[in-house]
Every structure is written in structure tokens, then in C-alpha cells.
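**Student:** Sharing target.csv (CSV, N, CA, C and O atoms) below.
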chain,number,residue,atom,x,y,z
A,44,MET,N,12.7,2.3,21.5
A,44,MET,CA,12.0,3.5,21.1
A,44,MET,C,11.2,3.2,19.7
A,44,MET,O,11.9,2.7,18.8
A,45,PRO,N,10.0,3.5,19.6
A,45,PRO,CA,9.2,3.3,18.4
A,45,PRO,C,9.8,4.1,17.2
A,45,PRO,O,10.3,5.2,17.4
A,46,ALA,N,9.7,3.5,16.1
A,46,ALA,CA,10.2,4.2,14.9
A,46,ALA,C,9.0,5.0,14.3
A,46,ALA,O,7.9,4.8,14.6
A,47,VAL,N,9.4,6.0,13.5
A,47,VAL,CA,8.4,6.9,12.8
A,47,VAL,C,8.6,6.7,11.3
A,47,VAL,O,9.7,6.8,10.8
A,48,PHE,N,7.5,6.5,10.6
A,48,PHE,CA,7.5,6.4,9.2
A,48,PHE,C,6.6,7.4,8.5
A,48,PHE,O,5.5,7.7,9.1
A,49,LEU,N,6.9,7.9,7.4
A,49,LEU,CA,6.1,8.7,6.5
A,49,LEU,C,5.9,8.0,5.2
A,49,LEU,O,6.9,7.5,4.6
A,50,ILE,N,4.7,7.9,4.8
A,50,ILE,CA,4.4,7.2,3.5
A,50,ILE,C,3.2,7.8,2.8
A,50,ILE,O,2.3,8.4,3.5
A,51,SER,N,3.1,7.7,1.5
A,51,SER,CA,1.9,8.2,0.8
A,51,SER,C,1.7,7.3,-0.4
A,51,SER,O,2.5,6.4,-0.8
A,52,ASP,N,0.6,7.4,-1.0
A,52,ASP,CA,0.2,6.8,-2.3
A,52,ASP,C,0.2,5.3,-2.2
A,52,ASP,O,0.7,4.6,-3.2
A,53,THR,N,-0.3,4.7,-1.2
A,53,THR,CA,-0.3,3.2,-1.1
A,53,THR,C,-1.4,2.7,-2.1
A,53,THR,O,-1.3,1.6,-2.6
A,54,HIS,N,-2.5,3.5,-2.3
A,54,HIS,CA,-3.5,3.1,-3.2
A,54,HIS,C,-4.1,1.7,-3.0
A,54,HIS,O,-4.4,1.0,-3.9
A,55,PHE,N,-4.3,1.3,-1.7
A,55,PHE,CA,-4.9,0.0,-1.4
A,55,PHE,C,-6.2,-0.1,-2.1
A,55,PHE,O,-7.0,0.8,-2.2
A,56,GLY,N,-6.5,-1.2,-2.8
A,56,GLY,CA,-7.7,-1.5,-3.5
A,56,GLY,C,-7.9,-0.8,-4.8
A,56,GLY,O,-8.9,-0.9,-5.4
A,57,HIS,N,-6.8,-0.2,-5.3
A,57,HIS,CA,-6.9,0.5,-6.6
A,57,HIS,C,-6.6,-0.4,-7.8
A,57,HIS,O,-5.4,-0.7,-8.0
A,58,LYS,N,-7.6,-0.8,-8.5
A,58,LYS,CA,-7.4,-1.7,-9.7
A,58,LYS,C,-6.5,-1.1,-10.8
A,58,LYS,O,-5.6,-1.7,-11.3
A,59,GLY,N,-6.8,0.2,-11.1
A,59,GLY,CA,-6.1,0.9,-12.2
A,59,GLY,C,-4.6,1.0,-11.9
A,59,GLY,O,-3.8,1.0,-12.9
A,60,VAL,N,-4.2,1.2,-10.7
A,60,VAL,CA,-2.7,1.4,-10.4
A,60,VAL,C,-1.9,0.2,-10.8
A,60,VAL,O,-0.7,0.3,-11.1
A,61,CYS,N,-2.5,-1.0,-10.9
A,61,CYS,CA,-1.8,-2.2,-11.3
A,61,CYS,C,-1.5,-2.2,-12.8
A,61,CYS,O,-0.7,-3.0,-13.2
A,62,HIS,N,-2.0,-1.2,-13.5
A,62,HIS,CA,-1.8,-1.1,-14.9
A,62,HIS,C,-1.0,0.1,-15.4
A,62,HIS,O,-0.7,0.3,-16.5
A,63,PHE,N,-0.6,0.9,-14.4
A,63,PHE,CA,0.2,2.1,-14.7
A,63,PHE,C,1.6,1.7,-15.2
A,63,PHE,O,2.2,0.8,-14.7
A,64,THR,N,2.1,2.5,-16.2
A,64,THR,CA,3.4,2.1,-16.8
A,64,THR,C,4.2,3.4,-16.9
A,64,THR,O,3.7,4.5,-16.8
A,65,LEU,N,5.5,3.2,-17.1
A,65,LEU,CA,6.4,4.3,-17.4
A,65,LEU,C,6.0,4.9,-18.8
A,65,LEU,O,5.2,4.4,-19.5
A,66,SER,N,6.7,6.0,-19.2
A,66,SER,CA,6.4,6.6,-20.4
A,66,SER,C,6.6,5.7,-21.6
A,66,SER,O,6.1,6.0,-22.7
A,67,ASP,N,7.3,4.6,-21.5
A,67,ASP,CA,7.6,3.7,-22.6
A,67,ASP,C,6.3,2.9,-22.9
A,67,ASP,O,6.2,2.2,-23.9
A,68,GLY,N,5.3,3.0,-22.0
A,68,GLY,CA,4.0,2.2,-22.2
A,68,GLY,C,4.1,0.8,-21.9
A,68,GLY,O,3.1,0.1,-22.1
A,69,VAL,N,5.2,0.3,-21.5
A,69,VAL,CA,5.4,-1.2,-21.3
A,69,VAL,C,5.8,-1.5,-19.8
A,69,VAL,O,5.2,-2.4,-19.2
A,70,THR,N,6.8,-0.8,-19.3
A,70,THR,CA,7.3,-1.1,-18.0
A,70,THR,C,6.3,-0.7,-16.9
A,70,THR,O,6.0,0.5,-16.7
A,71,LYS,N,5.8,-1.7,-16.2
A,71,LYS,CA,4.8,-1.5,-15.1
A,71,LYS,C,5.5,-0.8,-13.9
A,71,LYS,O,6.6,-1.1,-13.5
A,72,LEU,N,4.7,0.2,-13.3
A,72,LEU,CA,5.2,0.9,-12.1
A,72,LEU,C,5.0,0.0,-10.9
A,72,LEU,O,5.8,0.1,-9.9
A,73,ARG,N,4.1,-0.9,-10.9
A,73,ARG,CA,3.9,-1.8,-9.8
A,73,ARG,C,3.8,-3.2,-10.4
A,73,ARG,O,3.1,-3.4,-11.4
A,74,PRO,N,4.4,-4.2,-9.8
A,74,PRO,CA,4.6,-5.5,-10.4
A,74,PRO,C,3.3,-6.4,-10.3
A,74,PRO,O,3.4,-7.6,-10.8
A,75,TRP,N,2.2,-6.0,-9.7
A,75,TRP,CA,1.1,-6.9,-9.5
A,75,TRP,C,0.0,-6.7,-10.6
A,75,TRP,O,-0.1,-5.6,-11.2
A,76,ASP,N,-0.7,-7.8,-10.8
A,76,ASP,CA,-1.8,-7.7,-11.8
A,76,ASP,C,-3.2,-7.4,-11.2
A,76,ASP,O,-4.0,-7.0,-12.0
A,77,THR,N,-3.4,-7.6,-9.9
A,77,THR,CA,-4.7,-7.4,-9.3
A,77,THR,C,-4.5,-6.5,-8.0
A,77,THR,O,-3.4,-6.6,-7.4
A,78,PRO,N,-5.5,-5.8,-7.6
A,78,PRO,CA,-5.4,-5.0,-6.4
A,78,PRO,C,-5.3,-6.0,-5.2
A,78,PRO,O,-4.6,-5.7,-4.2
A,79,GLU,N,-5.9,-7.1,-5.2
A,79,GLU,CA,-5.8,-8.1,-4.1
A,79,GLU,C,-4.4,-8.6,-3.9
A,79,GLU,O,-3.9,-8.7,-2.8
A,80,GLU,N,-3.8,-8.9,-5.0
A,80,GLU,CA,-2.4,-9.4,-5.0
A,80,GLU,C,-1.5,-8.3,-4.5
A,80,GLU,O,-0.6,-8.5,-3.6
A,81,MET,N,-1.7,-7.0,-4.9
A,81,MET,CA,-0.9,-5.9,-4.5
A,81,MET,C,-1.1,-5.6,-3.0
A,81,MET,O,-0.1,-5.5,-2.3
A,82,ASP,N,-2.4,-5.6,-2.6
A,82,ASP,CA,-2.6,-5.3,-1.2
A,82,ASP,C,-2.0,-6.4,-0.3
A,82,ASP,O,-1.4,-6.0,0.8
A,83,GLU,N,-2.1,-7.6,-0.6
A,83,GLU,CA,-1.5,-8.7,0.2
A,83,GLU,C,0.0,-8.5,0.3
A,83,GLU,O,0.6,-8.7,1.4
A,84,ALA,N,0.7,-8.3,-0.8
A,84,ALA,CA,2.1,-8.1,-0.8
A,84,ALA,C,2.5,-6.8,0.0
A,84,ALA,O,3.5,-6.9,0.7
A,85,MET,N,1.8,-5.8,-0.1
A,85,MET,CA,2.1,-4.6,0.6
A,85,MET,C,1.9,-4.7,2.1
A,85,MET,O,2.7,-4.2,2.9
A,86,VAL,N,0.8,-5.4,2.5
A,86,VAL,CA,0.5,-5.6,3.9
A,86,VAL,C,1.7,-6.5,4.5
A,86,VAL,O,2.2,-6.2,5.6
A,87,ARG,N,2.1,-7.5,3.8
A,87,ARG,CA,3.2,-8.4,4.2
A,87,ARG,C,4.5,-7.6,4.4
A,87,ARG,O,5.1,-7.7,5.5
A,88,ALA,N,4.8,-6.8,3.4
A,88,ALA,CA,6.1,-6.0,3.5
A,88,ALA,C,6.0,-5.0,4.6
A,88,ALA,O,7.0,-4.7,5.3
A,89,TRP,N,4.9,-4.3,4.7
A,89,TRP,CA,4.6,-3.3,5.7
A,89,TRP,C,4.9,-3.9,7.1
A,89,TRP,O,5.6,-3.4,7.9
A,90,ASN,N,4.2,-5.0,7.4
A,90,ASN,CA,4.3,-5.6,8.7
A,90,ASN,C,5.6,-6.3,9.0
A,90,ASN,O,6.0,-6.4,10.2
A,91,GLU,N,6.4,-6.6,8.0
A,91,GLU,CA,7.8,-7.0,8.2
A,91,GLU,C,8.7,-5.9,8.7
A,91,GLU,O,9.7,-6.1,9.3
A,92,ARG,N,8.3,-4.7,8.3
A,92,ARG,CA,9.2,-3.5,8.6
A,92,ARG,C,8.7,-2.7,9.8
A,92,ARG,O,9.4,-2.2,10.6
A,93,VAL,N,7.3,-2.5,9.9
A,93,VAL,CA,6.7,-1.6,10.9
A,93,VAL,C,6.3,-2.5,12.1
A,93,VAL,O,5.6,-3.5,11.9
A,94,GLY,N,6.7,-2.1,13.3
A,94,GLY,CA,6.3,-2.8,14.5
A,94,GLY,C,4.9,-2.2,15.0
A,94,GLY,O,4.5,-1.2,14.6
A,95,PRO,N,4.3,-3.0,15.9
A,95,PRO,CA,3.0,-2.6,16.4
A,95,PRO,C,3.0,-1.3,17.1
A,95,PRO,O,1.9,-0.6,17.1
A,96,LYS,N,4.1,-0.9,17.7
A,96,LYS,CA,4.1,0.4,18.5
A,96,LYS,C,4.7,1.5,17.7
A,96,LYS,O,4.8,2.6,18.2
A,97,ASP,N,5.1,1.3,16.4
A,97,ASP,CA,5.7,2.3,15.6
A,97,ASP,C,4.6,3.3,15.2
A,97,ASP,O,3.4,3.0,15.2
A,98,LYS,N,5.0,4.5,14.8
A,98,LYS,CA,4.0,5.5,14.4
A,98,LYS,C,4.2,5.7,12.9
A,98,LYS,O,5.3,5.8,12.3
A,99,VAL,N,3.1,5.7,12.1
A,99,VAL,CA,3.1,5.8,10.7
A,99,VAL,C,2.2,6.9,10.3
A,99,VAL,O,1.0,7.0,10.7
A,100,TYR,N,2.7,7.9,9.5
A,100,TYR,CA,1.9,9.0,9.0
A,100,TYR,C,1.6,8.7,7.5
A,100,TYR,O,2.5,8.6,6.7
A,101,LEU,N,0.3,8.5,7.2
A,101,LEU,CA,-0.1,8.2,5.9
A,101,LEU,C,-0.5,9.6,5.3
A,101,LEU,O,-1.5,10.2,5.7
A,102,LEU,N,0.2,10.0,4.3
A,102,LEU,CA,0.1,11.4,3.8
A,102,LEU,C,-0.9,11.6,2.7
A,102,LEU,O,-1.2,12.7,2.3
A,103,GLY,N,-1.4,10.6,2.1
A,103,GLY,CA,-2.4,10.8,1.0
A,103,GLY,C,-2.6,9.6,0.1
A,103,GLY,O,-1.7,8.7,0.1
A,104,ASP,N,-3.7,9.5,-0.6
A,104,ASP,CA,-4.0,8.4,-1.5
A,104,ASP,C,-3.8,7.1,-0.8
A,104,ASP,O,-3.1,6.2,-1.4
A,105,VAL,N,-4.4,6.9,0.3
A,105,VAL,CA,-4.2,5.7,1.1
A,105,VAL,C,-5.0,4.5,0.5
A,105,VAL,O,-4.5,3.4,0.2
A,106,VAL,N,-6.3,4.8,0.3
A,106,VAL,CA,-7.2,3.8,-0.3
A,106,VAL,C,-8.0,4.5,-1.4
A,106,VAL,O,-8.1,5.7,-1.4
A,107,ILE,N,-8.4,3.7,-2.4
A,107,ILE,CA,-9.1,4.3,-3.5
A,107,ILE,C,-10.6,4.0,-3.4
A,107,ILE,O,-11.5,4.8,-3.8
A,108,ASN,N,-11.0,2.9,-2.7
A,108,ASN,CA,-12.5,2.7,-2.5
A,108,ASN,C,-12.7,2.3,-1.0
A,108,ASN,O,-11.8,1.8,-0.4
A,109,ARG,N,-13.9,2.5,-0.5
A,109,ARG,CA,-14.2,2.3,0.9
A,109,ARG,C,-14.0,0.8,1.3
A,109,ARG,O,-13.7,0.6,2.4
A,110,GLU,N,-14.2,-0.1,0.3
A,110,GLU,CA,-14.0,-1.5,0.7
A,110,GLU,C,-12.6,-1.8,1.1
A,110,GLU,O,-12.3,-2.7,1.9
A,111,ALA,N,-11.6,-1.0,0.7
A,111,ALA,CA,-10.2,-1.2,1.0
A,111,ALA,C,-9.8,-0.7,2.4
A,111,ALA,O,-8.8,-1.0,2.9
A,112,LEU,N,-10.7,0.1,3.0
A,112,LEU,CA,-10.4,0.6,4.3
A,112,LEU,C,-10.1,-0.5,5.3
A,112,LEU,O,-9.3,-0.3,6.2
A,113,VAL,N,-10.7,-1.7,5.2
A,113,VAL,CA,-10.5,-2.8,6.1
A,113,VAL,C,-9.0,-3.2,6.1
A,113,VAL,O,-8.5,-3.7,7.1
A,114,THR,N,-8.4,-3.0,5.0
A,114,THR,CA,-6.9,-3.3,4.9
A,114,THR,C,-6.1,-2.6,6.0
A,114,THR,O,-5.2,-3.2,6.5
A,115,LEU,N,-6.5,-1.4,6.3
A,115,LEU,CA,-5.7,-0.6,7.2
A,115,LEU,C,-5.7,-1.2,8.6
A,115,LEU,O,-4.7,-1.1,9.3
A,116,SER,N,-6.7,-2.0,9.0
A,116,SER,CA,-6.7,-2.6,10.3
A,116,SER,C,-5.7,-3.8,10.4
A,116,SER,O,-5.5,-4.3,11.5
A,117,ARG,N,-5.2,-4.2,9.3
A,117,ARG,CA,-4.2,-5.3,9.2
A,117,ARG,C,-2.8,-4.8,9.3
A,117,ARG,O,-1.9,-5.6,9.3
A,118,LEU,N,-2.6,-3.5,9.3
A,118,LEU,CA,-1.3,-2.9,9.3
A,118,LEU,C,-0.7,-2.6,10.7
A,118,LEU,O,-1.5,-2.1,11.5
A,119,ASN,N,0.5,-2.9,10.9
A,119,ASN,CA,1.2,-2.5,12.2
A,119,ASN,C,1.3,-1.0,12.2
A,119,ASN,O,1.3,-0.3,11.2
A,120,GLY,N,1.5,-0.5,13.4
A,120,GLY,CA,1.8,0.9,13.6
A,120,GLY,C,0.5,1.7,14.0
A,120,GLY,O,-0.6,1.1,14.1
With the file now loaded, output its structure as C-alpha cells.
**Tutor:**
Amino acid sequence: MPAVFLISDTHFGHKGVCHFTLSDGVTKLRPWDTPEEMDEAMVRAWNERVGPKDKVYLLGDVVINREALVTLSRLNG
């Protein structure tokens, strides 16, 4: 039976999200330095967990710019 996943705020292609920090101003919320590095790591992790026939509901803030839409075609589910 296919699995069902709910996810939000992937922010594929978002350069700024790579620089967001906790309130201490030092601790990064995401460990990547570039959106390309972030996108590649997230696609790899996604496809390791989500199968081709699984259902994924993307609830918001999926991509930040239209160029990143192509990333969605690389995701399972």
C-alpha cells in the first residue's frame, strides 16, 4: 500500500533560506550554503524515503522562484 506524506516549506531554489538563523544569530536553520546544494540534498533524502507510487501533499512554500519548479519533476510520489 502506498504511503501518504504531508510536507511544507521545502523552499526549493530559495537562496535566502540558506542564511536563516536561530535567534542567537549564529546557528543556521538549514546546514547548506547554496540553494543548489540544499536542493540536491533534499531531493536525495526525499527519494530515499518516498516511493514512486506514494502520495505527497505539498502544503505551501514549495519553490521560491519558477526556475526551481523543474526540481519537482525529480521527486518520487
**Student:** Distance atom C of Arg87 (chain A)-atom O of Arg109 (chain A), one decimal place?
**Tutor:**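 So the answer is 20.1 Å.
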**Student:** Can you list every residue in region 81-112 of chain A that DSSP puts in alpha helix (DSSP H), as a VMD selection string?
**Tutor:** chain A and resid 81 to 92 112
**Student:** Taking only C-alpha atoms into account, name the residue in A:Ile107, A:Leu115, A:Ala88, A:Leu101 that is nearest to Ser51 (chain A).
**Tutor:**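 Of the candidates, the smallest distance to Ser51 (chain A) is held by A:Leu101.
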**Student:** Just checking: using only C-alpha atoms, which residue out of A:Ile50, A:Leu118, A:Lys58, A:Val106 ends up closest to Trp89 (chain A)?
**Tutor:**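 Checking each candidate against Trp89 (chain A), we get A:Leu118 as the closest.
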**Student:** Within chain A, find each residue whose DSSP state, derived from the backbone, is strand (DSSP E), and express the selection as a list in words.
**Tutor:** Val47, Phe48, Leu49, Ile50, Lys98, Val99, Tyr100 and Leu101 of chain A
